[in-house]
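Quick look at start13.cif (mmCIF, C-alpha atoms and all ligand atoms):
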```cif
data_structure
#
loop_
_atom_site.label_atom_id
_atom_site.label_comp_id
_atom_site.auth_asym_id
_atom_site.auth_seq_id
_atom_site.Cartn_x
_atom_site.Cartn_y
_atom_site.Cartn_z
CA MET A 1 108.28 13.90 7.96
CA LEU A 2 110.53 12.21 10.49
CA ASP A 3 113.49 10.05 9.50
CA PRO A 4 113.28 6.70 11.32
CA GLU A 5 116.82 5.74 10.28
CA GLU A 6 118.20 8.80 12.07
CA ILE A 7 115.98 8.13 15.09
CA ARG A 8 117.10 4.50 15.30
CA LYS A 9 120.65 5.66 16.09
CA ASP A 10 119.39 6.86 19.48
CA PHE A 11 118.00 3.41 20.40
CA PRO A 12 120.86 0.96 21.01
CA VAL A 13 118.50 -1.93 21.77
CA LEU A 14 117.34 -1.93 18.15
CA ASN A 15 120.75 -3.37 17.21
CA ARG A 16 119.98 -6.55 19.12
CA ILE A 17 120.16 -9.78 17.16
CA ILE A 18 117.29 -12.10 18.04
CA ASN A 19 117.36 -15.65 16.69
CA ASN A 20 120.07 -14.62 14.22
CA ARG A 21 117.97 -11.75 12.83
CA ARG A 22 118.00 -8.07 13.53
CA LEU A 23 115.30 -7.27 16.05
CA VAL A 24 112.07 -5.90 14.60
CA TYR A 25 110.24 -4.41 17.54
CA PHE A 26 106.49 -4.23 16.92
CA ASP A 27 105.32 -4.35 20.56
CA ASN A 28 105.17 -0.63 21.19
CA ALA A 29 101.61 -0.58 22.51
CA ALA A 30 102.88 -2.68 25.43
CA THR A 31 105.98 -0.57 26.00
CA THR A 32 108.42 1.43 23.90
CA HIS A 33 112.19 1.52 23.92
CA LYS A 34 114.15 4.39 25.47
CA PRO A 35 116.52 6.67 23.58
CA VAL A 36 120.02 7.30 24.96
CA GLN A 37 118.93 10.83 25.87
CA VAL A 38 116.42 9.43 28.40
CA ILE A 39 118.83 6.83 29.73
CA LYS A 40 121.49 9.53 30.18
CA ALA A 41 119.11 11.94 31.91
CA ILE A 42 118.32 9.28 34.51
CA GLU A 43 121.99 8.38 34.90
CA GLU A 44 122.89 12.05 35.29
CA PHE A 45 120.28 12.53 37.98
CA TYR A 46 121.63 9.63 40.01
CA THR A 47 125.29 10.48 39.45
CA LYS A 48 125.05 14.24 40.11
CA HIS A 49 121.82 15.36 41.79
CA ASN A 50 120.28 12.49 43.72
CA ALA A 51 118.43 13.63 46.85
CA ASN A 52 114.92 13.52 48.20
CA ILE A 53 112.74 16.45 47.14
CA HIS A 54 110.81 19.12 49.07
CA ARG A 55 112.15 18.39 52.51
CA GLY A 56 115.73 19.53 52.22
CA LEU A 57 117.39 22.89 52.33
CA HIS A 58 120.67 21.50 51.08
CA THR A 59 121.83 22.06 47.51
CA LEU A 60 121.23 18.56 46.16
CA SER A 61 117.70 18.49 47.52
CA GLN A 62 116.97 21.85 45.97
CA GLU A 63 118.37 20.72 42.62
CA ALA A 64 116.33 17.52 42.70
CA SER A 65 113.18 19.42 43.70
CA GLN A 66 113.63 21.89 40.88
CA MET A 67 114.25 19.17 38.29
CA TYR A 68 111.21 17.22 39.47
CA GLU A 69 108.96 20.29 39.45
CA GLU A 70 110.20 21.31 36.03
CA ALA A 71 109.33 17.83 34.79
CA HIS A 72 105.69 18.56 35.69
CA GLU A 73 105.90 21.77 33.69
CA VAL A 74 107.28 19.97 30.64
CA ILE A 75 104.36 17.53 30.71
CA ALA A 76 101.84 20.32 31.29
CA LYS A 77 103.08 22.15 28.21
CA PHE A 78 103.10 18.95 26.14
CA ILE A 79 99.38 18.36 26.75
CA ASN A 80 98.51 22.09 26.88
CA ALA A 81 97.30 21.99 30.50
CA ARG A 82 96.35 25.36 31.96
CA SER A 83 98.76 24.84 34.84
CA TRP A 84 101.42 22.36 35.95
CA ARG A 85 99.37 22.03 39.14
CA GLU A 86 96.97 19.89 37.08
CA VAL A 87 99.71 17.33 36.36
CA ILE A 88 100.00 14.56 38.94
CA PHE A 89 102.80 12.04 38.65
CA VAL A 90 101.65 8.51 39.39
CA SER A 91 103.18 5.16 38.54
CA ASN A 92 101.20 4.40 35.37
CA THR A 93 97.81 4.68 33.64
CA THR A 94 96.35 2.04 35.92
CA GLU A 95 97.23 4.00 39.04
CA ALA A 96 95.99 7.23 37.47
CA ILE A 97 92.53 5.77 36.87
CA ASN A 98 92.39 4.18 40.31
CA THR A 99 93.26 7.60 41.76
CA VAL A 100 90.07 9.00 40.23
CA ALA A 101 88.04 5.96 41.20
CA TYR A 102 89.06 6.08 44.86
CA GLY A 103 89.59 9.85 45.11
CA TRP A 104 86.50 11.07 43.27
CA ALA A 105 84.02 8.25 42.69
CA LEU A 106 84.29 6.69 46.14
CA TRP A 107 83.29 9.99 47.72
CA ASN A 108 80.74 11.19 45.18
CA LEU A 109 78.77 8.19 43.93
CA ARG A 110 75.44 7.32 45.49
CA GLU A 111 73.39 4.17 45.36
CA GLY A 112 71.75 3.75 41.95
CA ASP A 113 74.19 6.04 40.15
CA GLU A 114 75.52 4.89 36.81
CA ILE A 115 78.96 4.64 35.26
CA ILE A 116 79.39 4.22 31.53
CA VAL A 117 82.40 2.40 30.14
CA THR A 118 83.07 1.15 26.62
CA ILE A 119 83.52 -2.47 25.66
CA MET A 120 86.79 -1.49 23.99
CA ASP A 121 88.29 -0.29 27.25
CA HIS A 122 91.46 -1.85 28.63
CA HIS A 123 90.80 -3.59 31.96
CA SER A 124 92.59 -0.65 33.62
CA ASN A 125 89.70 1.62 32.65
CA MET A 126 87.03 -0.96 33.36
CA LEU A 127 87.81 -2.89 36.53
CA PRO A 128 88.32 0.12 38.84
CA TRP A 129 84.81 1.28 37.88
CA ARG A 130 83.35 -2.14 38.46
CA LEU A 131 84.83 -2.40 41.94
CA ILE A 132 83.72 1.10 42.86
CA ALA A 133 80.24 0.35 41.53
CA GLN A 134 80.13 -2.72 43.75
CA LEU A 135 81.23 -0.69 46.78
CA LYS A 136 78.67 2.05 46.16
CA ASN A 137 75.77 -0.02 44.81
CA ALA A 138 76.10 1.80 41.53
CA ARG A 139 75.68 0.28 38.09
CA VAL A 140 78.13 -0.06 35.19
CA LYS A 141 76.76 0.14 31.64
CA TYR A 142 78.74 -0.70 28.51
CA VAL A 143 78.84 0.95 25.11
CA ASP A 144 79.31 -1.56 22.32
CA VAL A 145 81.37 -1.28 19.13
CA THR A 146 80.29 -1.73 15.52
CA ASP A 147 81.66 -4.65 13.53
CA GLU A 148 84.23 -2.25 12.03
CA GLY A 149 85.43 -1.35 15.53
CA TYR A 150 83.89 2.11 15.96
CA LEU A 151 82.09 3.13 19.11
CA LYS A 152 78.28 3.03 18.87
CA TYR A 153 77.57 6.69 19.58
CA GLU A 154 73.81 6.32 19.18
CA GLN A 155 73.84 3.66 21.87
CA LEU A 156 75.91 5.93 24.11
CA GLU A 157 73.24 8.62 23.71
CA GLU A 158 70.61 6.15 24.87
CA LEU A 159 72.69 4.86 27.80
CA ILE A 160 73.43 8.28 29.26
CA THR A 161 70.73 9.33 31.72
CA GLU A 162 70.30 11.75 34.58
CA ARG A 163 71.79 9.01 36.78
CA THR A 164 75.09 8.90 34.86
CA ARG A 165 77.91 10.28 37.02
CA ILE A 166 80.99 9.01 35.15
CA VAL A 167 81.74 8.30 31.50
CA ALA A 168 85.04 6.48 30.92
CA PHE A 169 86.54 5.71 27.51
CA PRO A 170 89.88 5.24 25.75
CA ILE A 171 90.98 8.03 23.42
CA ALA A 172 92.47 5.19 21.37
CA SER A 173 91.85 1.46 21.71
CA ASN A 174 94.87 -0.73 22.46
CA VAL A 175 93.46 -3.49 20.23
CA LEU A 176 91.47 -1.89 17.44
CA GLY A 177 93.46 1.34 17.32
CA THR A 178 90.15 3.20 16.93
CA ILE A 179 90.43 6.88 17.81
CA ASN A 180 87.28 7.89 19.63
CA GLU A 181 85.54 11.25 19.37
CA SER A 182 86.39 12.79 22.74
CA ARG A 183 84.48 16.03 22.36
CA ARG A 184 81.33 14.24 21.26
CA ILE A 185 81.51 11.89 24.24
CA ALA A 186 82.41 14.69 26.68
CA LYS A 187 79.53 16.86 25.46
CA LEU A 188 76.98 14.09 26.03
CA ALA A 189 78.40 13.37 29.50
CA HIS A 190 78.57 17.00 30.55
CA GLU A 191 74.96 17.61 29.51
CA VAL A 192 73.91 15.38 32.43
CA GLY A 193 76.64 16.62 34.78
CA ALA A 194 78.80 13.48 34.59
CA ILE A 195 82.60 13.61 34.75
CA VAL A 196 84.63 12.25 31.85
CA VAL A 197 87.66 10.03 32.41
CA ALA A 198 89.77 9.44 29.31
CA ASP A 199 92.40 6.75 29.02
CA GLY A 200 95.21 8.29 26.98
CA ALA A 201 97.67 5.38 27.29
CA GLN A 202 97.49 4.70 23.55
CA SER A 203 96.92 8.23 22.35
CA VAL A 204 99.27 10.62 24.18
CA PRO A 205 102.40 8.86 22.83
CA HIS A 206 101.08 8.93 19.25
CA ILE A 207 98.72 11.85 18.61
CA PRO A 208 99.15 15.54 19.44
CA THR A 209 97.27 16.04 22.71
CA ASN A 210 95.54 19.19 23.83
CA VAL A 211 93.57 18.60 27.03
CA ARG A 212 91.60 21.80 26.53
CA GLU A 213 90.35 20.62 23.16
CA LEU A 214 89.55 17.10 24.33
CA GLU A 215 87.09 18.63 26.81
CA VAL A 216 87.49 15.70 29.21
CA ASP A 217 87.90 16.10 32.98
CA PHE A 218 90.66 13.55 33.54
CA LEU A 219 93.31 12.08 31.27
CA ALA A 220 95.55 9.15 32.25
CA PHE A 221 98.72 8.00 30.49
CA SER A 222 101.95 6.03 31.04
CA GLY A 223 105.53 7.20 30.56
CA HIS A 224 106.87 3.83 29.46
CA LYS A 225 104.68 3.82 26.34
CA MET A 226 106.19 7.12 25.16
CA LEU A 227 109.97 6.57 25.41
CA GLY A 228 110.04 7.20 29.17
CA PRO A 229 110.99 4.83 31.97
CA THR A 230 108.64 2.37 33.64
CA GLY A 231 107.08 3.31 36.98
CA ILE A 232 106.03 6.82 35.99
CA GLY A 233 102.71 7.96 34.57
CA VAL A 234 100.45 10.96 34.61
CA LEU A 235 97.02 11.83 35.83
CA TRP A 236 95.93 15.15 34.41
CA GLY A 237 92.76 16.59 35.91
CA ARG A 238 90.82 19.84 35.70
CA GLU A 239 92.05 22.03 38.52
CA ASP A 240 88.61 22.83 39.96
CA ILE A 241 87.75 19.12 40.18
CA LEU A 242 91.16 18.19 41.64
CA GLU A 243 90.72 20.89 44.28
CA GLU A 244 87.55 19.17 45.45
CA MET A 245 88.86 15.62 45.11
CA LYS A 246 90.12 13.54 48.03
CA PRO A 247 93.59 11.98 47.86
CA PHE A 248 93.51 8.25 47.19
CA LYS A 249 96.81 7.50 48.94
CA VAL A 250 97.77 9.62 51.91
CA GLY A 251 100.81 10.06 54.10
CA GLY A 252 104.05 11.96 53.70
CA ASP A 253 104.01 15.00 51.39
CA THR A 254 100.25 15.09 50.96
CA ILE A 255 99.68 17.63 53.72
CA LYS A 256 100.53 21.15 54.87
CA ASP A 257 99.72 20.45 58.48
CA VAL A 258 98.30 17.71 60.67
CA THR A 259 96.98 17.95 64.18
CA LEU A 260 95.15 15.18 65.97
CA ASP A 261 91.84 16.80 64.98
CA ASN A 262 92.54 18.19 61.56
CA VAL A 263 94.42 17.80 58.25
CA VAL A 264 95.24 20.66 55.90
CA TRP A 265 95.93 19.07 52.54
CA HIS A 266 98.87 20.22 50.46
CA ASP A 267 98.57 22.30 47.29
CA LEU A 268 98.14 20.61 43.93
CA PRO A 269 99.68 18.41 42.69
CA TRP A 270 101.55 17.31 45.85
CA ARG A 271 98.33 16.36 47.65
CA PHE A 272 98.08 13.42 45.25
CA GLU A 273 101.74 12.36 45.21
CA ALA A 274 102.04 10.51 48.49
CA GLY A 275 105.43 9.45 49.82
CA THR A 276 108.75 9.79 48.06
CA PRO A 277 107.83 9.82 44.38
CA ASN A 278 109.66 8.36 41.39
CA ILE A 279 111.93 11.40 41.05
CA ALA A 280 114.27 9.94 38.45
CA GLY A 281 111.26 8.56 36.57
CA GLY A 282 109.64 12.00 36.36
CA ILE A 283 112.90 13.52 35.11
CA GLY A 284 113.28 10.68 32.58
CA LEU A 285 109.73 11.18 31.34
CA ALA A 286 110.33 14.90 30.84
CA GLU A 287 113.40 14.03 28.75
CA ALA A 288 111.28 11.63 26.68
CA VAL A 289 108.72 14.37 26.09
CA LYS A 290 111.45 16.79 25.03
CA TYR A 291 112.61 14.16 22.55
CA LEU A 292 109.09 13.80 21.12
CA VAL A 293 108.63 17.57 20.97
CA LYS A 294 111.84 17.87 18.99
CA ILE A 295 110.54 15.39 16.43
CA GLY A 296 107.09 17.01 16.49
CA MET A 297 103.95 15.08 17.40
CA GLU A 298 102.39 15.95 14.02
CA ASN A 299 105.33 14.16 12.39
CA VAL A 300 104.94 11.19 14.74
CA ARG A 301 101.30 10.92 13.73
CA GLU A 302 102.04 11.29 10.02
CA HIS A 303 104.73 8.59 10.15
CA GLU A 304 102.43 6.19 11.98
CA ILE A 305 99.56 6.77 9.55
CA SER A 306 101.93 5.98 6.72
CA LEU A 307 103.11 2.73 8.39
CA THR A 308 99.53 1.70 9.17
CA GLU A 309 98.25 2.48 5.69
CA TYR A 310 101.11 0.48 4.20
CA THR A 311 100.46 -2.53 6.46
CA LEU A 312 96.74 -2.59 5.72
CA LYS A 313 97.50 -2.41 2.01
CA ARG A 314 100.02 -5.26 2.22
CA PHE A 315 97.52 -7.25 4.32
CA GLU A 316 95.23 -7.31 1.28
CA GLU A 317 97.72 -9.72 -0.33
CA LEU A 318 97.09 -12.10 2.56
CA ALA A 319 93.33 -11.54 2.67
CA GLY A 320 92.42 -15.23 2.23
CA ASP A 321 94.50 -16.24 5.20
CA LEU A 322 94.48 -13.22 7.48
CA GLU A 323 91.79 -11.18 9.16
CA TYR A 324 92.34 -7.99 11.09
CA TYR A 325 90.16 -6.00 13.44
CA GLY A 326 89.31 -2.33 13.70
CA PRO A 327 88.89 0.53 11.24
CA ARG A 328 90.05 0.05 7.65
CA LYS A 329 91.00 3.71 7.40
CA ALA A 330 94.48 4.45 8.78
CA THR A 331 93.49 8.02 9.68
CA ASP A 332 90.75 6.72 11.99
CA LYS A 333 93.16 4.70 14.07
CA THR A 334 96.55 4.59 15.73
CA ALA A 335 99.36 2.31 14.57
CA VAL A 336 97.99 -0.71 16.43
CA ILE A 337 96.95 -3.64 14.25
CA ALA A 338 95.39 -6.74 15.76
CA PHE A 339 94.96 -9.73 13.48
CA ASN A 340 94.79 -13.51 13.22
CA ILE A 341 95.98 -16.03 10.68
CA LYS A 342 93.04 -18.26 9.94
CA GLY A 343 93.53 -21.76 11.33
CA LEU A 344 96.45 -20.80 13.58
CA ASN A 345 96.44 -19.97 17.25
CA HIS A 346 97.60 -16.40 17.94
CA HIS A 347 100.32 -17.61 20.34
CA THR A 348 101.69 -19.94 17.65
CA VAL A 349 101.92 -17.01 15.24
CA GLY A 350 103.65 -14.87 17.88
CA MET A 351 106.20 -17.56 18.62
CA ALA A 352 106.83 -18.15 14.93
CA LEU A 353 107.36 -14.40 14.39
CA ASP A 354 109.86 -14.38 17.23
CA LEU A 355 111.91 -16.93 15.29
CA PHE A 356 112.17 -14.24 12.60
CA GLY A 357 113.28 -11.73 15.26
CA ILE A 358 109.91 -9.97 15.15
CA ALA A 359 108.43 -8.98 18.52
CA VAL A 360 104.63 -8.77 18.63
CA ARG A 361 102.16 -9.31 21.44
CA THR A 362 99.63 -12.13 21.51
CA GLY A 363 96.65 -12.81 23.74
CA MET A 364 93.72 -10.64 24.69
CA HIS A 365 95.77 -7.53 25.49
CA CYS A 366 93.94 -6.85 28.78
CA ALA A 367 90.74 -6.42 26.79
CA HIS A 368 88.90 -9.67 27.35
CA PRO A 369 85.34 -8.30 26.93
CA LEU A 370 86.29 -6.80 23.57
CA HIS A 371 87.74 -10.10 22.34
CA TYR A 372 84.65 -12.00 23.49
CA ARG A 373 82.50 -9.41 21.71
CA LEU A 374 84.49 -10.03 18.52
CA GLY A 375 84.14 -13.80 19.02
CA LEU A 376 87.89 -14.27 19.52
CA THR A 377 90.04 -16.15 21.99
CA GLY A 378 92.91 -13.77 21.27
CA SER A 379 94.80 -11.92 18.58
CA VAL A 380 98.27 -11.05 17.38
CA ARG A 381 99.02 -7.36 17.76
CA ALA A 382 101.65 -5.39 15.85
CA SER A 383 102.11 -1.83 17.04
CA TYR A 384 104.52 0.74 15.68
CA TYR A 385 106.44 3.77 16.82
CA ILE A 386 108.82 6.41 15.53
CA TYR A 387 111.72 4.01 14.89
CA ASN A 388 109.78 1.52 12.78
CA THR A 389 110.21 1.47 9.03
CA HIS A 390 108.40 0.39 5.86
CA GLU A 391 111.24 -2.09 5.24
CA GLU A 392 110.48 -3.75 8.56
CA ILE A 393 106.86 -4.10 7.44
CA ASP A 394 108.01 -5.75 4.18
CA TYR A 395 110.04 -8.22 6.23
CA PHE A 396 107.04 -8.80 8.55
CA ILE A 397 104.78 -9.56 5.56
CA GLU A 398 107.41 -11.96 4.18
CA ALA A 399 107.54 -13.71 7.55
CA LEU A 400 103.74 -13.95 7.65
CA GLU A 401 103.75 -15.45 4.14
CA LYS A 402 106.21 -18.11 5.28
CA ILE A 403 104.13 -18.83 8.36
CA ILE A 404 101.04 -19.20 6.19
CA GLU A 405 102.95 -21.59 3.89
CA MET A 406 103.80 -23.70 6.94
CA LYS A 407 100.29 -23.53 8.33
CA ASP A 408 99.68 -27.28 8.21
CA VAL A 409 102.77 -28.01 10.29
CA LEU A 410 102.30 -25.08 12.65
CA SER A 411 98.64 -25.81 13.33
CA LYS A 412 99.75 -29.04 15.03
CA GLU A 413 101.90 -27.01 17.46
CA LYS A 414 100.49 -26.59 20.92
CA PRO A 415 101.10 -23.00 21.99
CA SER A 416 103.07 -23.16 25.21
CA THR A 417 102.43 -19.69 26.55
CA VAL A 418 99.16 -18.36 27.81
CA CYS A 419 99.61 -14.67 28.30
CA THR A 420 96.88 -12.11 28.19
CA GLY A 421 98.50 -8.68 28.77
CA THR A 422 99.01 -5.74 28.21
N1 LIG B 1 95.01 1.58 29.00
C1 LIG B 1 95.39 1.22 27.77
C2 LIG B 1 94.54 1.62 26.61
C3 LIG B 1 96.56 0.48 27.60
O1 LIG B 1 96.93 0.11 26.39
C4 LIG B 1 97.31 0.11 28.74
C5 LIG B 1 98.57 -0.71 28.62
N2 LIG B 1 98.53 -1.71 27.68
C6 LIG B 1 96.86 0.54 29.99
C7 LIG B 1 95.72 1.26 30.08
C8 LIG B 1 97.61 0.20 31.25
O2 LIG B 1 98.85 0.86 31.24
P1 LIG B 1 99.85 0.59 32.45
O3 LIG B 1 100.11 -0.87 32.44
O4 LIG B 1 101.05 1.39 32.09
O5 LIG B 1 99.17 1.05 33.68
#
```
Rewrite the structure of this file - the entire thing - as structure tokens.
Amino acid sequence: MLDPEEIRKDFPVLNRIINNRRLVYFDNAATTHKPVQVIKAIEEFYTKHNANIHRGLHTLSQEASQMYEEAHEVIAKFINARSWREVIFVSNTTEAINTVAYGWALWNLREGDEIIVTIMDHHSNMLPWRLIAQLKNARVKYVDVTDEGYLKYEQLEELITERTRIVAFPIASNVLGTINESRRIAKLAHEVGAIVVADGAQSVPHIPTNVRELEVDFLAFSGHKMLGPTGIGVLWGREDILEEMKPFKVGGDTIKDVTLDNVVWHDLPWRFEAGTPNIAGGIGLAEAVKYLVKIGMENVREHEISLTEYTLKRFEELAGDLEYYGPRKATDKTAVIAFNIKGLNHHTVGMALDLFGIAVRTGMHCAHPLHYRLGLTGSVRASYYIYNTHEEIDYFIEALEKIIEMKDVLSKEKPSTVCTGT
């Protein structure tokens, strides 16, 4: 089991005082904090090795190239990819999914083809498919969720037909926390020859990931949600599919040779990393992964289950005033808990929690269709990571009790922010 108190020493930002209270950071599904090890790795790159990669023969360029390539290897090992050539550095999950939409779907979909997406998908794994469908006269179909927040697998079986070319889903929902059954979904999709695009933004940082066991064809995730810097993310894809796929962005570094009549595309993964990439970001992400590996992803998962279980248990004390969404069983979900206080706007609750120094996210979390399906205009979302503690949850429950006590006054407040992300 990991020791969050020890871990916290690596995260200076957690010493911040917010509104005269020690910061309690429960907005990890939006982005996580960075340990000093990651910050130092980036600083060291810029202070000692900074150069552009690939093109230079000089020492700094060779050092930078090696560090950047090694970063791909670290990620490949972390997700058990067969080769680092399957690991493409992009800016974030959103770009990763768009890379598949415009690199694979744009070139392979035909009129009348079908794409299946789930209603619990983040807009990043929904809107690219909708635009591509529009471009190609294809059709998007949606898999619903049960009232407990599980995917309706029987409905998925009915929706998949010979016309299905793509099945997209989140390994874990960023609102409900629900962990979906990847292999079951992939098997159904592969039976009809469809490709499977998994959004791992909320799973790779929290659950041990083995791309060979997931049986999907593509996996997208973001560095900033797993202790890494912003502006770096990963698209993992099966090598045979990547070899056939067209680059989405083209230009410098994507080619081996260009004549006026012909282009010879570069080897994987460079074909898909157009222009000067986020070199320091890739190196920072590799450092973040090394940090997670040292802790052990099994331990990360165990800690988060314990925090989730504890929260759901403490929520029972507030049952008359609070409702939460998604599975009741902590082992079926990640440490993402969306809830509402009855009679209070979600933004009001978020602002009140901030007065206690507690950072949560409020709104629809880039999952509008899911909120509409649940009959909600928004929710408050608490999401945990390795540095969160049971004591912080006790303090959070105390704060919620006080907010509930002040409900009559607070319900007259007009929430001033209208934010919907992320
Ligand atoms: N998918 C899911 C499930 C997410 O939670 C998020 C971020 N909230 C994204 C995609 C988009 O990630 P990014 O903004 O890093 O592209």
Enclosing box along x, y and z for every listed atom of ligand LIG 1 (chain B), padded 3 Å each side, centre and size in Å, one decimal, as AutoDock Vina command-line options:
```
--center_x 97.8 --center_y 0.0 --center_z 30.0 --size_x 12.5 --size_y 9.3 --size_z 13.3
```
Return as a Markdown table the residues of chain A lying at most 6 Å from ligand LIG 1 (chain B), together with the closest atom-to-atom pair for each and the distance in Å to one decimal, counting only C-alpha atoms and all ligand atoms, with rows in chain order and ascending residue number.
```
| residue | atom | partner | partner_atom | distance |
| --- | --- | --- | --- | --- |
| A:Ala30 | CA | B:LIG1 | N2 | 5.0 |
| A:Asn92 | CA | B:LIG1 | O5 | 4.3 |
| A:Thr93 | CA | B:LIG1 | O5 | 3.9 |
| A:Thr94 | CA | B:LIG1 | O5 | 3.7 |
| A:His122 | CA | B:LIG1 | N1 | 5.0 |
| A:Ser124 | CA | B:LIG1 | C7 | 5.1 |
| A:Pro170 | CA | B:LIG1 | C2 | 6.0 |
| A:Ser173 | CA | B:LIG1 | C2 | 5.6 |
| A:Asn174 | CA | B:LIG1 | O1 | 4.5 |
| A:Asp199 | CA | B:LIG1 | N1 | 5.8 |
| A:Ala201 | CA | B:LIG1 | C1 | 4.8 |
| A:Gln202 | CA | B:LIG1 | C2 | 5.2 |
| A:Ser222 | CA | B:LIG1 | O4 | 4.8 |
| A:Thr422 | CA | B:LIG1 | N2 | 4.1 |
```
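Of the residues under consideration (A:Ala288, A:Val90, A:Ile358, A:Ile386), A:Ile386 shows the shortest atom-to-atom contact distance to A:Leu307 when counting only C-alpha atoms.
Of the listed residues (A:Trp265, A:Ile295, A:Ala220, A:Gly149), A:Gly149 comes nearest to A:Lys329; the distances count all atoms listed in the file.
Among the candidates A:Leu235, A:Ile166, A:Ile171, A:Ile283, the residue lying nearest to A:Ala71 is A:Ile283 (atoms considered: all atoms listed in the file).
Interatomic distance, atom CA of A:Leu2 to atom CA of A:Lys290: 15.3 Å.
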Check the smallest atom-to-atom distance from each of A:Met364, A:Leu60, A:Val258, A:Ala29 to A:Lys48 using only C-alpha atoms, then report the winner.
A:Leu60
For a quick check of your reading of the model, name the residues lying within 7 Å of the coordinate (95.0, -6.8, 23.1), counting all atoms listed in the file, and write them as a ChimeraX atom specification.
/A:174-175,363-367,379,381,421-422
Kindly indicate which residue among A:Glu298, A:Glu392, A:Glu70, A:Asp267 lies nearest to A:Gly357, using only C-alpha atoms for the distances.
A:Glu392
Considering all atoms listed in the file, return as a ChimeraX atom specification whatever protein or nucleic-acid residues lie within 12 Å of A:His390, sequence-local ones (same chain, fewer than 6 positions apart) excluded.
/A:3-5,24,303-311,313-314,384,396-397
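Residues within 12 Å of A:Gln66, counting only C-alpha atoms and excluding same-chain residues fewer than 2 positions away, are Phe45, His49, Asn50, Ala51, Asn52, Ile53, His54, Gly56, Thr59, Leu60, Ser61, Gln62, Glu63, Ala64, Tyr68, Glu69, Glu70, Ala71, His72, Glu73, Ile279, Gly282 and Ile283 of chain A.
The coordinates place atom CA of A:Thr254 at 16.2 Å from atom CA of A:Ser91.
Atom to atom, atom CA of A:Asn15 and atom CA of A:Val204 stand 26.6 Å apart.
Across A:Tyr142, A:Tyr325, A:Phe78, A:Tyr385, the tightest approach to A:Arg8 is made by A:Tyr385 when counting only C-alpha atoms.
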Excluding same-chain residues fewer than 3 positions from stretch 151-153 of chain A, what lies within 9 Å of it counting only C-alpha atoms, as a tab-separated table (two decimals) with C-alpha atoms, in the coordinates of the input?
```tsv
chain	number	residue	atom	x	y	z
A	118	THR	CA	83.07	1.15	26.62
A	119	ILE	CA	83.52	-2.47	25.66
A	120	MET	CA	86.79	-1.49	23.99
A	143	VAL	CA	78.84	0.95	25.11
A	144	ASP	CA	79.31	-1.56	22.32
A	145	VAL	CA	81.37	-1.28	19.13
A	146	THR	CA	80.29	-1.73	15.52
A	156	LEU	CA	75.91	5.93	24.11
A	157	GLU	CA	73.24	8.62	23.71
A	158	GLU	CA	70.61	6.15	24.87
A	178	THR	CA	90.15	3.20	16.93
A	180	ASN	CA	87.28	7.89	19.63
A	181	GLU	CA	85.54	11.25	19.37
A	184	ARG	CA	81.33	14.24	21.26
A	185	ILE	CA	81.51	11.89	24.24
```
For A:Asp217, list every protein, DNA or RNA residue within 8 Å, evaluated using all atoms listed in the file, and leave out those in the same chain fewer than 4 positions away; present the list as a list of chain:residue names.
A:Ile195, A:Val196, A:Val197, A:Ala198, A:Gly237, A:Arg238, A:Ile241
